[in-house]
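**Q** For reference, the file query_31.cif (mmCIF, C-alpha atoms) is included below:
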data_model
#
loop_
_atom_site.label_atom_id
_atom_site.label_comp_id
_atom_site.auth_asym_id
_atom_site.auth_seq_id
_atom_site.Cartn_x
_atom_site.Cartn_y
_atom_site.Cartn_z
CA MET A 1 -11.32 0.28 -27.22
CA LEU A 2 -7.96 1.88 -27.97
CA ARG A 3 -9.68 5.14 -28.86
CA SER A 4 -11.59 5.27 -25.56
CA PHE A 5 -8.41 4.32 -23.69
CA ARG A 6 -6.55 7.27 -25.22
CA THR A 7 -9.53 9.54 -24.65
CA THR A 8 -9.45 8.72 -20.95
CA TRP A 9 -5.74 9.51 -20.75
CA LEU A 10 -6.29 12.78 -22.60
CA LEU A 11 -9.19 13.67 -20.31
CA GLY A 12 -7.00 13.05 -17.27
CA GLY A 13 -4.32 15.30 -18.74
CA LEU A 14 -6.84 18.05 -19.50
CA LEU A 15 -8.20 17.92 -15.96
CA LEU A 16 -4.71 18.28 -14.57
CA ALA A 17 -3.89 21.09 -16.97
CA ALA A 18 -7.09 22.89 -16.02
CA GLY A 19 -5.92 23.14 -12.45
CA PHE A 20 -7.95 20.39 -10.82
CA GLY A 21 -4.84 18.47 -9.85
CA PRO A 22 -2.16 19.19 -7.28
CA ALA A 23 0.13 22.07 -7.98
CA VAL A 24 2.93 19.74 -8.97
CA ARG A 25 6.30 21.02 -10.11
CA ALA A 26 6.47 21.66 -13.82
CA GLN A 27 8.34 19.01 -15.77
CA THR A 28 8.42 17.55 -19.23
CA ALA A 29 5.44 15.21 -19.30
CA PRO A 30 4.91 12.48 -21.87
CA ALA A 31 1.87 12.74 -24.10
CA ASP A 32 -1.23 10.80 -23.06
CA ALA A 33 -0.67 7.12 -23.97
CA ALA A 34 3.07 7.26 -23.28
CA TYR A 35 2.38 7.00 -19.56
CA PHE A 36 1.24 3.44 -20.12
CA LYS A 37 3.99 2.20 -22.40
CA PRO A 38 6.07 -0.53 -20.72
CA LYS A 39 9.31 1.25 -21.60
CA PHE A 40 8.16 4.41 -19.83
CA ILE A 41 6.90 2.56 -16.75
CA LYS A 42 10.08 0.53 -16.35
CA ALA A 43 12.18 3.67 -16.70
CA GLN A 44 10.09 5.40 -14.04
CA LEU A 45 10.37 2.46 -11.67
CA LEU A 46 14.14 2.41 -12.05
CA LYS A 47 14.45 6.18 -11.70
CA THR A 48 12.33 6.48 -8.57
CA THR A 49 13.95 3.43 -6.98
CA ARG A 50 17.43 4.82 -7.58
CA TRP A 51 16.48 8.23 -6.20
CA GLN A 52 14.95 6.79 -3.06
CA LEU A 53 17.81 4.37 -2.41
CA ALA A 54 20.16 7.35 -2.66
CA HIS A 55 18.08 9.33 -0.13
CA PRO A 56 17.52 7.11 2.93
CA ARG A 57 15.65 8.64 5.82
CA HIS A 58 15.03 5.92 8.44
CA LYS A 59 16.70 2.84 9.82
CA VAL A 60 16.29 -0.04 7.44
CA THR A 61 13.89 -2.11 9.57
CA ASP A 62 11.53 0.81 10.20
CA TRP A 63 7.93 0.38 9.05
CA THR A 64 8.41 3.11 6.48
CA ASN A 65 11.06 1.04 4.77
CA GLY A 66 8.93 -2.07 5.07
CA ALA A 67 6.46 -0.41 2.71
CA PHE A 68 9.24 0.97 0.53
CA TYR A 69 11.02 -2.34 0.06
CA SER A 70 7.75 -4.07 -0.74
CA GLY A 71 7.60 -1.70 -3.70
CA VAL A 72 11.27 -2.17 -4.53
CA PHE A 73 10.76 -5.93 -4.78
CA ALA A 74 7.80 -5.35 -7.10
CA ALA A 75 10.00 -3.07 -9.19
CA TYR A 76 12.58 -5.85 -9.42
CA GLN A 77 9.94 -8.31 -10.55
CA THR A 78 8.89 -5.85 -13.25
CA THR A 79 12.31 -4.71 -14.49
CA LYS A 80 14.57 -7.67 -13.56
CA SER A 81 17.18 -5.04 -12.73
CA LYS A 82 20.34 -6.54 -11.26
CA LEU A 83 20.97 -3.22 -9.50
CA ILE A 84 17.65 -3.50 -7.67
CA LEU A 85 18.15 -7.15 -6.73
CA ASP A 86 21.67 -6.46 -5.49
CA SER A 87 20.32 -3.57 -3.39
CA LEU A 88 17.64 -5.81 -1.88
CA MET A 89 20.13 -8.54 -1.02
CA ALA A 90 22.54 -6.00 0.45
CA MET A 91 19.71 -4.66 2.61
CA GLY A 92 18.89 -8.12 3.95
CA ASN A 93 22.52 -8.99 4.60
CA ARG A 94 23.00 -5.67 6.39
CA THR A 95 20.09 -6.34 8.74
CA GLN A 96 20.96 -10.05 9.00
CA TRP A 97 17.33 -10.67 7.97
CA GLN A 98 16.08 -9.45 11.34
CA PRO A 99 12.80 -7.61 12.02
CA ASP A 100 12.75 -4.55 14.26
CA LYS A 101 12.59 -4.79 18.05
CA ARG A 102 8.91 -5.14 18.98
CA TYR A 103 7.82 -8.70 18.22
CA ASP A 104 4.09 -8.02 18.64
CA HIS A 105 3.91 -4.68 16.81
CA ALA A 106 3.02 -5.02 13.13
CA ASP A 107 5.19 -2.03 12.19
CA ASP A 108 8.27 -3.93 13.30
CA ILE A 109 7.70 -7.05 11.21
CA VAL A 110 6.60 -5.50 7.90
CA ILE A 111 10.20 -5.62 6.61
CA CYS A 112 9.84 -9.41 6.77
CA GLN A 113 7.57 -9.23 3.70
CA THR A 114 10.66 -8.46 1.63
CA TYR A 115 12.78 -11.08 3.37
CA LEU A 116 10.18 -13.70 2.50
CA ASN A 117 9.97 -12.52 -1.10
CA LEU A 118 13.74 -12.78 -1.41
CA TYR A 119 13.78 -16.18 0.28
CA ARG A 120 11.54 -17.48 -2.46
CA LEU A 121 14.21 -16.45 -4.96
CA LYS A 122 17.29 -17.66 -3.09
CA LYS A 123 16.01 -20.52 -0.87
CA ASP A 124 18.55 -19.68 1.83
CA ARG A 125 17.17 -20.66 5.26
CA ARG A 126 19.27 -17.98 6.97
CA MET A 127 16.95 -15.45 5.31
CA LEU A 128 13.91 -17.13 6.84
CA ALA A 129 14.91 -18.06 10.39
CA PRO A 130 14.44 -14.66 12.10
CA THR A 131 10.95 -14.25 10.62
CA LEU A 132 10.01 -17.74 11.77
CA ALA A 133 11.20 -16.88 15.27
CA VAL A 134 9.36 -13.57 15.57
CA VAL A 135 6.10 -14.97 14.21
CA GLU A 136 6.24 -17.94 16.56
CA LYS A 137 6.77 -15.57 19.49
CA LEU A 138 3.86 -13.42 18.30
CA ARG A 139 1.68 -16.53 18.11
CA THR A 140 2.57 -17.92 21.53
CA VAL A 141 3.61 -15.07 23.84
CA PRO A 142 1.05 -12.41 24.88
CA GLY A 143 2.55 -8.97 24.31
CA PRO A 144 2.15 -5.33 25.30
CA GLU A 145 -0.01 -4.43 22.27
CA VAL A 146 -2.85 -6.67 23.45
CA ALA A 147 -2.29 -5.56 27.03
CA GLY A 148 -2.52 -1.90 26.07
CA HIS A 149 -5.19 -1.99 23.37
CA GLY A 150 -7.19 -5.20 23.77
CA ILE A 151 -6.21 -6.49 20.32
CA THR A 152 -2.88 -6.89 18.53
CA TRP A 153 -3.57 -4.99 15.31
CA TRP A 154 -5.44 -2.06 16.83
CA TRP A 155 -4.82 0.46 14.01
CA CYS A 156 -5.81 -0.08 10.38
CA ASP A 157 -2.31 0.44 8.95
CA ALA A 158 -1.37 -2.81 10.65
CA LEU A 159 -3.44 -4.69 8.08
CA PHE A 160 -0.74 -3.97 5.52
CA MET A 161 2.14 -4.54 7.92
CA GLY A 162 1.23 -7.80 9.63
CA PRO A 163 -1.12 -10.16 7.76
CA PRO A 164 0.97 -10.53 4.59
CA VAL A 165 3.93 -11.69 6.68
CA LEU A 166 1.91 -14.36 8.45
CA VAL A 167 0.17 -15.53 5.29
CA LYS A 168 3.36 -15.60 3.18
CA LEU A 169 5.20 -17.51 5.88
CA GLY A 170 2.31 -19.94 6.30
CA MET A 171 2.34 -20.69 2.58
CA ILE A 172 6.12 -21.01 2.37
CA GLU A 173 6.35 -23.34 5.37
CA ASN A 174 3.05 -25.14 4.78
CA GLN A 175 1.80 -24.09 8.20
CA PRO A 176 -1.97 -23.52 7.87
CA GLN A 177 -2.11 -22.54 11.53
CA LEU A 178 -0.40 -19.26 10.59
CA LEU A 179 -3.17 -18.47 8.12
CA THR A 180 -5.74 -19.18 10.82
CA PHE A 181 -3.84 -17.02 13.28
CA SER A 182 -3.71 -14.15 10.78
CA ASP A 183 -7.45 -14.51 10.15
CA THR A 184 -8.14 -14.29 13.88
CA LEU A 185 -6.14 -11.11 14.35
CA TYR A 186 -7.56 -9.58 11.17
CA GLN A 187 -11.13 -10.21 12.26
CA GLN A 188 -10.48 -8.46 15.55
CA THR A 189 -9.37 -5.32 13.68
CA TYR A 190 -12.20 -5.57 11.16
CA LYS A 191 -14.87 -5.85 13.86
CA ARG A 192 -13.50 -2.87 15.74
CA LEU A 193 -12.62 -0.44 12.96
CA PHE A 194 -14.62 -1.19 9.80
CA ASN A 195 -17.54 1.14 9.18
CA HIS A 196 -20.30 -0.70 7.33
CA GLN A 197 -22.09 2.52 6.34
CA GLN A 198 -19.02 4.14 4.79
CA HIS A 199 -17.33 0.89 3.73
CA LEU A 200 -14.03 2.22 5.08
CA PHE A 201 -11.76 1.69 8.07
CA SER A 202 -11.30 4.17 10.88
CA ARG A 203 -7.63 4.65 11.64
CA ASP A 204 -8.06 3.44 15.24
CA ALA A 205 -10.65 3.41 18.02
CA SER A 206 -10.10 7.10 18.81
CA TYR A 207 -11.85 7.92 15.50
CA LEU A 208 -14.98 5.89 16.20
CA LEU A 209 -18.18 7.82 16.85
CA ASN A 210 -20.28 6.92 19.86
CA ALA A 211 -23.92 5.83 19.79
CA GLN A 212 -25.01 9.48 19.69
CA GLY A 213 -22.81 10.16 16.67
CA GLU A 214 -20.32 12.15 18.73
CA GLY A 215 -16.58 12.06 18.21
CA LYS A 216 -13.84 13.41 15.95
CA LYS A 217 -15.20 14.93 12.75
CA GLU A 218 -14.01 16.96 9.82
CA SER A 219 -14.94 20.62 9.29
CA ASN A 220 -17.85 19.57 7.06
CA GLY A 221 -19.26 17.38 9.83
CA GLN A 222 -18.20 14.08 8.27
CA PRO A 223 -16.39 11.39 10.24
CA ILE A 224 -12.66 11.13 9.63
CA PHE A 225 -11.48 8.43 7.26
CA TRP A 226 -7.81 8.71 6.42
CA SER A 227 -6.79 8.10 2.83
CA ARG A 228 -3.42 6.48 3.51
CA GLY A 229 -4.83 4.34 6.30
CA ASN A 230 -7.40 2.88 3.93
CA GLY A 231 -4.72 2.64 1.25
CA TRP A 232 -2.66 0.52 3.64
CA VAL A 233 -5.65 -1.80 4.02
CA MET A 234 -6.16 -2.05 0.26
CA GLY A 235 -2.51 -2.85 -0.33
CA GLY A 236 -2.58 -5.45 2.42
CA LEU A 237 -5.64 -7.11 0.93
CA VAL A 238 -3.81 -7.54 -2.36
CA GLN A 239 -0.81 -9.06 -0.58
CA ILE A 240 -3.09 -11.51 1.24
CA LEU A 241 -5.12 -12.46 -1.83
CA GLN A 242 -1.95 -13.07 -3.84
CA GLU A 243 -1.12 -15.81 -1.35
CA LEU A 244 -4.38 -17.46 -0.33
CA PRO A 245 -5.36 -20.48 -2.44
CA ALA A 246 -8.66 -20.20 -4.31
CA SER A 247 -10.08 -22.97 -2.12
CA HIS A 248 -9.10 -21.41 1.19
CA PRO A 249 -12.24 -21.03 3.35
CA THR A 250 -11.59 -17.41 4.34
CA ARG A 251 -10.63 -16.15 0.89
CA PRO A 252 -14.22 -15.05 0.08
CA PHE A 253 -14.17 -12.72 3.10
CA TYR A 254 -11.07 -10.91 1.82
CA VAL A 255 -12.35 -10.79 -1.76
CA ASN A 256 -15.67 -9.31 -0.65
CA LEU A 257 -13.99 -6.75 1.60
CA TYR A 258 -11.62 -5.78 -1.20
CA LYS A 259 -14.49 -5.32 -3.65
CA GLU A 260 -16.57 -3.40 -1.11
CA MET A 261 -13.78 -0.94 -0.36
CA SER A 262 -12.88 -0.56 -4.03
CA ALA A 263 -16.47 0.33 -4.89
CA ARG A 264 -16.47 3.01 -2.20
CA LEU A 265 -13.07 4.43 -3.06
CA ILE A 266 -13.90 5.05 -6.70
CA GLN A 267 -16.70 7.32 -5.50
CA LEU A 268 -14.12 9.36 -3.59
CA GLN A 269 -11.47 9.79 -6.28
CA GLN A 270 -11.11 13.47 -7.19
CA PRO A 271 -11.21 14.87 -10.75
CA ASP A 272 -7.41 15.06 -10.93
CA GLY A 273 -7.16 11.29 -10.38
CA LEU A 274 -5.85 11.42 -6.81
CA TRP A 275 -7.53 10.95 -3.44
CA ARG A 276 -7.33 13.59 -0.71
CA SER A 277 -5.74 12.83 2.63
CA SER A 278 -9.19 12.98 4.24
CA LEU A 279 -11.55 10.93 2.10
CA LEU A 280 -14.88 12.50 3.13
CA ASP A 281 -13.76 16.15 3.28
CA PRO A 282 -11.70 16.66 0.11
CA GLY A 283 -12.51 20.36 -0.08
CA ALA A 284 -10.63 21.04 3.14
CA TYR A 285 -7.48 19.25 1.94
CA PRO A 286 -6.22 20.95 -1.23
CA GLY A 287 -3.71 18.97 -3.20
CA GLY A 288 -3.85 15.27 -3.91
CA GLU A 289 -1.93 12.87 -1.67
CA ALA A 290 0.38 10.42 -3.43
CA SER A 291 0.90 7.66 -0.88
CA GLY A 292 -2.74 6.77 -0.27
CA SER A 293 -3.44 7.28 -3.97
CA GLY A 294 -0.54 5.03 -4.91
CA PHE A 295 -1.80 2.15 -2.80
CA ASP A 296 -5.32 2.55 -4.22
CA CYS A 297 -4.00 2.60 -7.78
CA TYR A 298 -1.94 -0.51 -7.09
CA ALA A 299 -4.80 -2.40 -5.50
CA MET A 300 -7.35 -1.62 -8.19
CA ALA A 301 -4.95 -2.30 -11.05
CA TRP A 302 -4.25 -5.69 -9.50
CA GLY A 303 -7.98 -6.40 -9.23
CA ILE A 304 -8.48 -5.62 -12.92
CA ASN A 305 -5.54 -7.83 -13.86
CA GLN A 306 -6.95 -10.69 -11.79
CA GLY A 307 -10.47 -10.35 -13.17
CA ILE A 308 -11.85 -9.52 -9.72
CA LEU A 309 -12.86 -5.94 -10.56
CA ASP A 310 -14.97 -4.99 -13.56
CA LYS A 311 -12.63 -3.59 -16.19
CA ALA A 312 -15.10 -1.16 -17.72
CA THR A 313 -15.75 0.42 -14.32
CA TYR A 314 -12.27 0.45 -12.83
CA LEU A 315 -9.88 0.90 -15.73
CA PRO A 316 -10.62 4.63 -16.15
CA VAL A 317 -10.13 5.10 -12.40
CA VAL A 318 -6.72 3.45 -12.48
CA GLN A 319 -5.73 5.31 -15.64
CA ARG A 320 -6.51 8.68 -14.08
CA ALA A 321 -4.67 7.74 -10.90
CA TRP A 322 -1.54 6.57 -12.73
CA VAL A 323 -1.32 9.71 -14.86
CA ALA A 324 -1.79 11.87 -11.75
CA LEU A 325 0.83 9.93 -9.77
CA ASN A 326 3.36 10.51 -12.50
CA LYS A 327 2.66 14.22 -12.30
CA CYS A 328 3.92 13.93 -8.72
CA VAL A 329 7.31 12.51 -9.79
CA SER A 330 10.07 15.08 -10.24
CA ASP A 331 12.54 14.93 -13.10
CA GLU A 332 15.17 13.40 -10.86
CA GLY A 333 12.80 10.69 -9.57
CA ARG A 334 11.45 12.00 -6.26
CA VAL A 335 7.83 11.08 -5.56
CA GLY A 336 6.30 14.24 -4.11
CA TRP A 337 2.95 15.25 -2.67
CA VAL A 338 3.36 12.62 0.06
CA GLN A 339 1.79 13.33 3.42
CA PRO A 340 4.41 13.11 6.18
CA ILE A 341 4.32 10.51 8.92
CA GLY A 342 1.17 10.85 11.02
CA ALA A 343 -1.92 9.05 12.24
CA ASP A 344 -4.54 11.26 10.62
CA PRO A 345 -5.19 13.44 7.56
CA ARG A 346 -2.79 16.37 7.20
CA ARG A 347 -2.46 19.47 5.05
CA ASP A 348 1.23 20.16 5.64
CA PHE A 349 2.72 18.77 2.44
CA SER A 350 3.57 19.91 -1.08
CA ALA A 351 5.30 18.90 -4.30
CA ASP A 352 8.54 18.79 -2.34
CA SER A 353 7.20 16.50 0.40
CA TRP A 354 8.45 12.94 0.12
CA GLU A 355 8.63 9.82 2.24
CA VAL A 356 9.92 6.37 1.46
CA TYR A 357 6.48 4.76 1.72
CA GLY A 358 5.22 7.14 -0.96
CA THR A 359 7.85 5.77 -3.31
CA GLY A 360 6.93 2.23 -2.25
CA ALA A 361 3.29 2.84 -3.12
CA TYR A 362 4.26 4.33 -6.50
CA LEU A 363 6.45 1.31 -7.30
CA LEU A 364 3.69 -1.11 -6.38
CA ALA A 365 1.25 0.81 -8.58
CA GLY A 366 3.58 0.77 -11.57
CA SER A 367 4.20 -2.95 -11.16
CA GLU A 368 0.50 -3.61 -11.77
CA VAL A 369 -0.32 -0.81 -14.22
CA ILE A 370 2.28 -2.19 -16.62
CA LYS A 371 0.22 -5.41 -16.82
CA LEU A 372 -3.02 -3.68 -17.84
CA LYS A 373 -4.41 -4.53 -21.24
CA PRO A 374 -6.13 -1.66 -23.13
#
Show me, as structure tokens, the structure contained in the file I just sent.

**A**
Amino acid sequence: MLRSFRTTWLLGGLLLAAGFGPAVRAQTAPADAAYFKPKFIKAQLLKTTRWQLAHPRHKVTDWTNGAFYSGVFAAYQTTKSKLILDSLMAMGNRTQWQPDKRYDHADDIVICQTYLNLYRLKKDRRMLAPTLAVVEKLRTVPGPEVAGHGITWWWCDALFMGPPVLVKLGMIENQPQLLTFSDTLYQQTYKRLFNHQQHLFSRDASYLLNAQGEGKKESNGQPIFWSRGNGWVMGGLVQILQELPASHPTRPFYVNLYKEMSARLIQLQQPDGLWRSSLLDPGAYPGGEASGSGFDCYAMAWGINQGILDKATYLPVVQRAWVALNKCVSDEGRVGWVQPIGADPRRDFSADSWEVYGTGAYLLAGSEVIKLKP
């Protein structure tokens, strides 16, 4: 098994060296199996966390930071770094544990994921009260998102931003009605945006094709399925499944969806180990995209570790992705090849392109890859 494990790493390195991967900046790369050594992974998590904390780009409660700090907390769990924990606590104290302004917009409550994670460590009710308040308002007061779009979580990214907050809070407070509420909102999004032929989510209703097959398409005639948008969904599914008890009646739905999407995504991974920003038209999007790839790597590594995904099938996929993601990390710790903020696939990024959610996805991936057994 060890021989085949190393062979897979070497194959991934050869593919990258042969030019199939993104044109990442040259750096001193470890040899094959070193990418998977716990010492290397922990060092990478610390390095990329430090770099990103030193290069803030958005207000703390922005959705971008919600994804970033989810990864930072995972990095803390992996490294037990006092520096990381102190940074997380300082962040929460600075925001007074408040979400952003829009109570019914999933982007504005995603930061609460990290507040809830920290509450579980510290058991300080001041850290919990604002999240309780915003979720209760979401549950009881109709808001502008439903008024404007018909459903609350009308774009697929929201399935990473919103459901984990509701489910975590429901488990912490023993409020099963919050799990039911999250299920209701999730099903609305699933019924509107999930494509049963492609086993992927459209970003929002503007990307749905009509009955005649007309609508937005890629240059090769394929419908548009955004890599990071589906990566958001995969990451959100992991966050939900980490919380739901094995006996919970809706858990099978999430497990089946997670397995269905995973099976489709492995078909779309490119030879360099990354996914392209547009999943069904990779040829038109040169260069792998690190944020969507990071979430996919994280989600599938978690599934292997939990025994949900078949190890023989998925381990090589995760190995290739992790090696490729590390090729996107600069010597100083910047995660590059991250598509900028947008609602659709883009081509306007490079080795120097970074965003905080790209680092968050990388940190989440590393926190699960380190647990893999050869």

**Q** Which residues, written as a list in words, have at least one atom at most 12 Å from A:Val141, with all atoms listed in the file counted and residues fewer than 5 positions away on the same chain left out?

**A**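 Everything that qualifies: Tyr103, Asp104, Ala133, Val134, Val135, Glu136, Val146, Ala147 and Thr152 of chain A.
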
**Q** Would you kindly return, as a ChimeraX atom specification, each protein, DNA or RNA residue with an atom no farther than 6 Å from any atom of stretch 294-304 of chain A, considering only C-alpha atoms and excluding same-chain residues fewer than 6 positions away?

**A** /A:231,234-235,311,318,361-362,364-365,368-369

**Q** Taking the file as I've supplied it (selection: the PyMOL selection byres ((chain A and resi 121) around 12)), which residues are included? Please answer as number ranges by chain.

**A** A: 73, 76-77, 85, 88-89, 114-120, 122-125, 127-128, 172

**Q** Given all atoms listed in the file, how would the per-residue table for stretch 85-148 of chain A near stretch 55-70 of chain A read, listing every residue at most 8 Å away with its closest atom pair and distance in Å to one decimal, sorted by chain and number, as a tab-separated table?

**A**
residue	atom	partner	partner_atom	distance
A:Leu88	CA	A:Tyr69	CA	7.7
A:Met91	CA	A:Val60	CA	7.5
A:Thr95	CA	A:Val60	CA	7.5
A:Gln98	CA	A:Thr61	CA	7.9
A:Pro99	CA	A:Thr61	CA	6.1
A:Asp100	CA	A:Thr61	CA	5.4
A:Asp107	CA	A:Trp63	CA	4.8
A:Asp108	CA	A:Trp63	CA	6.1
A:Ile109	CA	A:Trp63	CA	7.7
A:Val110	CA	A:Gly66	CA	5.0
A:Ile111	CA	A:Gly66	CA	4.1
A:Cys112	CA	A:Gly66	CA	7.6
A:Gln113	CA	A:Ser70	CA	6.8
A:Thr114	CA	A:Ser70	CA	5.8

**Q** Report as a PyMOL selection string the residues that result from applying the PyMOL selection byres ((chain A and resi 178) around 10) to the structure here.

**A** chain A and resi 135-136+139+163+165-171+173-177+179-184

**Q** What lies within 8 Å of A:Leu363 using all atoms listed in the file, ignoring chain neighbours under 6 positions off, as number ranges by chain?

**A** A: 45, 48-49, 71-72, 74-75

**Q** For atom CA of A:Ala106 and atom CA of A:Trp354, quote the distance in Å rounded to one decimal.

**A**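 These atoms are spaced 22.8 Å apart.
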
**Q** Residues around (14.8, 12.2, -9.7), cut-off 10 Å, counting only C-alpha atoms - what are they as a list in words?

**A**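 Looking at atoms near the point gives Gln44, Lys47, Thr48, Thr49, Arg50, Trp51, Gln52, Val329, Ser330, Asp331, Glu332, Gly333, Arg334 and Val335 of chain A.
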